[in-house]
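A quick write-up on the structure given underneath.
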Amino acid sequence: MILAEHLVKEFSRPARVDGPLGGLRSFLSTCRVATRAVDDISLRIDDGEIVGYLGPNGAGKSTTIKMLTGILVPTSGHVEVEGIVPWKDRRTNARNIGAVFGQRSQLWTDLPLRDSFELISRLYGLGRADYRRSLEEFVDLLEMGSFLDTPVRSLSLGQRMRGDIVAAMLYEPPVLYLDEPTVGLDVVAKVRIREFIAERNRERGTTVLLTTHDIADIEQLARRVVIIDEGRILYDGTIEALRRGYAPYRELVVRTPHEVPLDVAVDGIDVRASRRDGDEVLSTLRFDPVQLAPPTAISRVTDALPVLDITSREPDVEDIIRRIYLAGSVDA
Amino acid sequence: MTGGAQSAANVRPRVHRAPTRTARLPAPLLLRGLAASCRQAWRAQFVFRAAIWSGIVGACLQVVLVFLVWRAVYGTRTEVADVDHANAITYAILGVLASIVFQPFVFDTLYGRLRTGAIAFDVMRPISAVPSALAQQVGASLAQLPAVLCALVIGLAIGAIEPPGTVASALAFAASLALGFTIVLILNFTVGLVGFWTLEVGGAFLIYRMLAQFSSGALIPLWFMPGGLRTALELLPFSAQVFTPLSIYLDRSPGVHTLQAIGGQLIWIVVLAALAALVWRRAVRRLVIFGG
């Protein structure tokens, strides 16, 4: 279990002095300004949960994760991971957590990938048999056999990322922090990594805290999301509740022959957009699923219009999240 | 629109969850971890085949050149500054060999990890970053041994290396050399920590490396230095790295002064270890406060 209570992290840096001799005065000044990267965050993640941790750049996501790994000491508040306070007992905590920071690698650049795994297995006190079994399993799942003996510096980004993920999981930590694990990867590589994470969560009950800017990562892995900005939690709940609460509508995309008038009206359904597409017309209709059951809505549309094709669409999570970021709070 | 992965991923697992660890690594596993760190650094030195050969050729060449230069310096004289011909050459060659082992080109493994940000991972391992960094330095130094052994064979073949002064000198030399190496490790580690503050230390390291080599007496024995400089250098920890063990090696009448010299090395180790601990604590503080 991951537990954070009223977690605060302030960074202080020397204040800059403007005006004549500003540079010299800045250098001599003892004035410091504090910025709060994490401002009173409380969070509880149960065993076996996958939680998406979202927020715009600089929102405080990485700072939170660094406090959970024990790298950073919180300014105030309480933090506990698997019953251990990370910054107080970094070495025990280390045995329970795995971390992938998409932007940096823990692998040894000049040596073959296998050597990094070998060293990591030793640093975590893994028995030889356990190590071989884990490695074989991971290499199989992530299809890494072909580049296991290649020096890390020659790996593609997708290969390196798989290497970093295995490095973080070789010793089977019950908790896994993934900070942008799919950044810069192509679609195939992303899917492979998502499937692997889902598999580990399913088979081993690994608790996962995942930050990403790719909403598809979240949609496919997490049921719960925590959205933060400026160090505060804006939303903590399921994706479904987010959809229901912030975009209480469904959309129908309807294709009709072109002789149908564009401003067609159906009871309980709004036309959001409509455009000609060759000989046909493509319209986006919107309705409230609480007022109007989706099957009813669909049958009303097909009764009123000579429909060629109809698809139902849920509101776009990315769009909802963008609106939350912009509003800066959930109730806006 | 959400795939099968979602529904499957969120089923609360009932199966064997990976166990939570409630204690640090036990000591035997810790030692094995350190041995692996050492091996890793050893291997990293042998990654490039060309580097292995150039290391061996370079070491052998250095021995031959140093031999030729010192022989020419002495010419027909048997003694310079009270040091006889054979001793000076022996000293110079052993000094070269010692500095190859003591100051490998990658003497600081932390620095590279700092630049790539991998240091963040190193401070969240079950084994503290300091012992594993030291183990890696030892590995990098041990990796120089093949080249040094080749050069040693060459040195013996051309008759450039005299046997130690006495059996006691040989034993004291071995102990003193080990202590000298310990001083090198601690000092290089501490200097490497400067990177926590400045981030760009490549140039400073080169200068440090050169100064350390010079001040340790590995290039020119301190006997030949002018009085003031010699006194100053003897007061620095560098002289305890190479000059002290080599002086003991050549000494034909070891005695109390030998033990005093070794005692001096021990004092340096205590002082420098305390300094290293202090600097490390501040470096980690910086890392954990500012996030690396």
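Note on naming: chains are A, B, ... as they come in the structure tokens, residues start from 1 per chain, ligands start from 1 in the order shown.
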Just list as a tab-separated table (two decimals) with N, CA and C atoms, in the first residue's frame whatever in stretch 35-243 of chain A DSSP marks as strand (DSSP E).
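Output file result.tsv follows:
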```tsv
chain	number	residue	atom	x	y	z
A	35	THR	N	9.40	27.63	-3.45
A	35	THR	CA	8.30	27.27	-4.32
A	35	THR	C	7.77	25.93	-3.85
A	36	ARG	N	6.48	25.78	-3.85
A	36	ARG	CA	5.87	24.52	-3.42
A	36	ARG	C	5.61	23.66	-4.64
A	37	ALA	N	6.37	22.59	-4.78
A	37	ALA	CA	6.17	21.70	-5.92
A	37	ALA	C	5.03	20.75	-5.61
A	38	VAL	N	4.94	20.35	-4.36
A	38	VAL	CA	3.84	19.48	-3.93
A	38	VAL	C	3.22	20.16	-2.72
A	39	ASP	N	1.89	20.36	-2.80
A	39	ASP	CA	1.24	21.19	-1.79
A	39	ASP	C	0.07	20.43	-1.19
A	40	ASP	N	0.34	19.74	-0.08
A	40	ASP	CA	-0.72	19.07	0.67
A	40	ASP	C	-1.43	17.99	-0.15
A	41	ILE	N	-0.65	16.98	-0.53
A	41	ILE	CA	-1.25	15.88	-1.28
A	41	ILE	C	-1.50	14.69	-0.36
A	42	SER	N	-2.72	14.20	-0.36
A	42	SER	CA	-3.05	12.99	0.40
A	42	SER	C	-3.56	11.95	-0.58
A	43	LEU	N	-3.05	10.75	-0.40
A	43	LEU	CA	-3.28	9.74	-1.43
A	43	LEU	C	-3.17	8.37	-0.77
A	44	ARG	N	-4.05	7.46	-1.17
A	44	ARG	CA	-3.92	6.10	-0.66
A	44	ARG	C	-4.13	5.15	-1.82
A	45	ILE	N	-3.12	4.33	-2.08
A	45	ILE	CA	-3.22	3.39	-3.19
A	45	ILE	C	-3.11	1.99	-2.61
A	50	ILE	N	-3.85	-0.09	-10.03
A	50	ILE	CA	-3.07	0.70	-11.00
A	50	ILE	C	-3.70	2.08	-11.02
A	51	VAL	N	-2.90	3.09	-10.69
A	51	VAL	CA	-3.43	4.45	-10.65
A	51	VAL	C	-2.68	5.31	-11.65
A	52	GLY	N	-3.45	6.02	-12.46
A	52	GLY	CA	-2.85	6.96	-13.40
A	52	GLY	C	-2.67	8.29	-12.70
A	53	TYR	N	-1.47	8.83	-12.78
A	53	TYR	CA	-1.16	10.08	-12.09
A	53	TYR	C	-0.92	11.12	-13.16
A	54	LEU	N	-1.88	12.03	-13.30
A	54	LEU	CA	-1.85	12.94	-14.44
A	54	LEU	C	-1.67	14.38	-13.99
A	76	SER	N	7.15	18.46	4.66
A	76	SER	CA	6.29	18.05	5.77
A	76	SER	C	5.30	17.01	5.27
A	77	GLY	N	4.61	16.40	6.19
A	77	GLY	CA	3.63	15.38	5.83
A	77	GLY	C	4.20	13.99	6.04
A	78	HIS	N	3.34	13.01	5.88
A	78	HIS	CA	3.73	11.64	6.16
A	78	HIS	C	3.65	10.82	4.87
A	79	VAL	N	4.64	9.95	4.68
A	79	VAL	CA	4.60	9.09	3.50
A	79	VAL	C	5.04	7.69	3.92
A	80	GLU	N	4.36	6.70	3.36
A	80	GLU	CA	4.61	5.32	3.75
A	80	GLU	C	4.38	4.42	2.55
A	81	VAL	N	5.33	3.53	2.28
A	81	VAL	CA	5.18	2.60	1.17
A	81	VAL	C	5.40	1.20	1.70
A	97	ILE	N	10.38	-1.52	-4.08
A	97	ILE	CA	9.91	-0.68	-5.18
A	97	ILE	C	10.75	-0.87	-6.44
A	98	GLY	N	10.10	-0.68	-7.56
A	98	GLY	CA	10.82	-0.61	-8.82
A	98	GLY	C	10.44	0.72	-9.44
A	99	ALA	N	11.36	1.33	-10.16
A	99	ALA	CA	11.04	2.63	-10.75
A	99	ALA	C	11.57	2.72	-12.17
A	100	VAL	N	10.76	3.28	-13.03
A	100	VAL	CA	11.20	3.58	-14.39
A	100	VAL	C	10.96	5.06	-14.62
A	101	PHE	N	12.04	5.79	-14.89
A	101	PHE	CA	11.90	7.19	-15.27
A	101	PHE	C	12.19	7.24	-16.76
A	175	VAL	N	5.71	-2.91	-5.49
A	175	VAL	CA	5.25	-1.59	-5.91
A	175	VAL	C	6.10	-1.11	-7.09
A	176	LEU	N	5.44	-0.53	-8.06
A	176	LEU	CA	6.14	-0.08	-9.26
A	176	LEU	C	5.75	1.36	-9.59
A	177	TYR	N	6.77	2.22	-9.75
A	177	TYR	CA	6.50	3.59	-10.19
A	177	TYR	C	6.94	3.72	-11.63
A	178	LEU	N	6.03	4.17	-12.47
A	178	LEU	CA	6.38	4.34	-13.87
A	178	LEU	C	6.18	5.80	-14.22
A	179	ASP	N	7.28	6.50	-14.46
A	179	ASP	CA	7.20	7.92	-14.79
A	179	ASP	C	7.43	8.06	-16.29
A	207	THR	N	1.36	-3.27	-7.41
A	207	THR	CA	0.74	-1.95	-7.31
A	207	THR	C	1.48	-1.02	-8.26
A	208	VAL	N	0.74	-0.28	-9.09
A	208	VAL	CA	1.41	0.56	-10.09
A	208	VAL	C	0.94	2.00	-9.99
A	209	LEU	N	1.89	2.91	-9.90
A	209	LEU	CA	1.58	4.34	-10.02
A	209	LEU	C	2.23	4.81	-11.32
A	210	LEU	N	1.38	5.31	-12.21
A	210	LEU	CA	1.81	5.56	-13.58
A	210	LEU	C	1.59	7.02	-13.94
A	211	THR	N	2.65	7.73	-14.34
A	211	THR	CA	2.42	9.05	-14.89
A	211	THR	C	2.68	8.99	-16.39
A	224	ARG	N	-8.50	4.04	-12.01
A	224	ARG	CA	-8.54	5.25	-11.19
A	224	ARG	C	-7.49	6.24	-11.69
A	225	VAL	N	-7.86	7.50	-11.71
A	225	VAL	CA	-6.87	8.53	-12.05
A	225	VAL	C	-6.82	9.58	-10.94
A	226	VAL	N	-5.63	10.11	-10.75
A	226	VAL	CA	-5.44	11.24	-9.85
A	226	VAL	C	-4.87	12.35	-10.72
A	227	ILE	N	-5.57	13.47	-10.75
A	227	ILE	CA	-5.11	14.59	-11.58
A	227	ILE	C	-4.60	15.68	-10.65
A	228	ILE	N	-3.36	16.13	-10.90
A	228	ILE	CA	-2.84	17.21	-10.05
A	228	ILE	C	-2.36	18.37	-10.91
A	229	ASP	N	-2.35	19.53	-10.32
A	229	ASP	CA	-1.72	20.69	-10.95
A	229	ASP	C	-1.27	21.63	-9.86
A	232	ARG	N	-1.36	20.40	-6.26
A	232	ARG	CA	-2.58	20.02	-5.55
A	232	ARG	C	-3.39	19.01	-6.35
A	233	ILE	N	-4.14	18.18	-5.65
A	233	ILE	CA	-4.99	17.21	-6.33
A	233	ILE	C	-6.25	17.90	-6.84
A	234	LEU	N	-6.51	17.77	-8.14
A	234	LEU	CA	-7.72	18.34	-8.72
A	234	LEU	C	-8.83	17.30	-8.79
A	235	TYR	N	-8.43	16.05	-8.99
A	235	TYR	CA	-9.43	15.00	-9.12
A	235	TYR	C	-8.83	13.68	-8.69
A	236	ASP	N	-9.60	12.88	-7.98
A	236	ASP	CA	-9.16	11.55	-7.60
A	236	ASP	C	-10.38	10.65	-7.69
A	237	GLY	N	-10.40	9.78	-8.67
A	237	GLY	CA	-11.57	8.91	-8.82
A	237	GLY	C	-11.45	8.06	-10.07
A	238	THR	N	-12.51	7.38	-10.42
A	238	THR	CA	-12.46	6.50	-11.58
A	238	THR	C	-12.58	7.30	-12.86
```
Nearby residues (only C-alpha atoms) at most 9 Å from A:Lys190, same-chain spacing under 4 positions excluded, as a ChimeraX atom specification
/A:158,181-183,185-186,194-195,217
Could you write out that same residue set with N, CA and C atoms as a CSV table (one decimal), in the first residue's frame?
```csv
chain,number,residue,atom,x,y,z
A,158,GLY,N,12.9,2.0,-27.8
A,158,GLY,CA,11.9,1.0,-27.4
A,158,GLY,C,12.6,-0.1,-26.7
A,181,PRO,N,6.6,5.9,-18.9
A,181,PRO,CA,7.3,4.8,-19.5
A,181,PRO,C,7.1,4.6,-21.0
A,182,THR,N,6.2,5.4,-21.6
A,182,THR,CA,6.0,5.2,-23.0
A,182,THR,C,6.4,6.4,-23.8
A,183,VAL,N,7.1,7.3,-23.1
A,183,VAL,CA,7.5,8.6,-23.8
A,183,VAL,C,8.4,8.3,-25.0
A,185,LEU,N,7.8,6.5,-27.6
A,185,LEU,CA,7.8,5.2,-28.2
A,185,LEU,C,6.7,5.1,-29.4
A,186,ASP,N,7.0,4.2,-30.3
A,186,ASP,CA,6.0,4.0,-31.4
A,186,ASP,C,4.8,3.1,-30.8
A,194,ARG,N,2.4,-1.7,-22.3
A,194,ARG,CA,1.1,-1.7,-21.6
A,194,ARG,C,0.7,-3.1,-21.2
A,195,GLU,N,0.8,-4.0,-22.2
A,195,GLU,CA,0.3,-5.4,-22.0
A,195,GLU,C,1.2,-6.0,-20.9
A,217,ASP,N,-2.5,5.2,-22.4
A,217,ASP,CA,-1.9,4.4,-21.4
A,217,ASP,C,-2.8,4.2,-20.2
```
Shell around A:Leu123 at 12 Å using only C-alpha atoms, local window under 5 positions removed, as a ChimeraX atom specification
/A:91,94-95,116-118,131,167-168,170-171 /B:24-38,40,121-129,131-132
Just need the residues of chain A within 6 Å of chain B, counting only C-alpha atoms, so spit them out as a PDB file with C-alpha atoms, in the first residue's frame.
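Okay, this is what ended up in iface12.pdb:
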```
ATOM      1  CA  ILE A  71      15.155  10.122  -3.172  1.00  0.00           C
ATOM      2  CA  LEU A  72      13.541  13.307  -1.893  1.00  0.00           C
ATOM      3  CA  VAL A  73      12.818  14.140   1.725  1.00  0.00           C
ATOM      4  CA  ARG A  91      17.637   0.706   1.652  1.00  0.00           C
ATOM      5  CA  THR A  92      14.713  -1.385   2.860  1.00  0.00           C
ATOM      6  CA  ALA A  94      14.442   0.037  -2.256  1.00  0.00           C
ATOM      7  CA  ARG A  95      13.755  -3.687  -2.048  1.00  0.00           C
ATOM      8  CA  GLN A 106      19.510   3.109 -14.905  1.00  0.00           C
ATOM      9  CA  LEU A 119      24.439  -6.532 -11.547  1.00  0.00           C
ATOM     10  CA  ARG A 122      23.119  -8.986  -7.267  1.00  0.00           C
ATOM     11  CA  LEU A 123      22.461  -5.540  -5.834  1.00  0.00           C
ATOM     12  CA  GLY A 125      20.337 -10.024  -3.408  1.00  0.00           C
ATOM     13  CA  PRO A 174       5.374  -5.275  -4.941  1.00  0.00           C
ATOM     14  CA  ALA A 198      -1.189  -5.259 -17.120  1.00  0.00           C
ATOM     15  CA  ARG A 202      -2.768  -9.383 -12.919  1.00  0.00           C
ATOM     16  CA  ARG A 204       1.636 -10.724  -9.262  1.00  0.00           C
ATOM     17  CA  GLY A 205      -0.694  -8.087  -7.860  1.00  0.00           C
ATOM     18  CA  GLN A 220      -5.961   0.810 -21.035  1.00  0.00           C
ATOM     19  CA  LEU A 221      -4.328   0.217 -17.675  1.00  0.00           C
TER      20      LEU A 221
END
```
Need the shell around A:Leu252: protein/DNA/RNA residues with any atom at most 10 Å away, counting only C-alpha atoms. Skip same-chain ones fewer than 5 positions apart. Format as a PyMOL selection string?
chain A and resi 269+271-272+283-287+294+297-298+301+310-314
Between atom CA of A:Met67 and atom CA of A:Ala4, what is the distance, to one decimal in Å?
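Separating atom CA of A:Met67 from atom CA of A:Ala4 is a distance of 9.6 Å.
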Hey, what does DSSP flag as helix (DSSP H, G or I) within stretch 42-285 of chain B? Can you give it to me as a PyMOL selection string?
chain B and resi 42-45+49-74+85-102+109-116+119-122+129-142+145-157+167-193+195-198+202-215+222-224+227-235+237-240+243-250+256-285
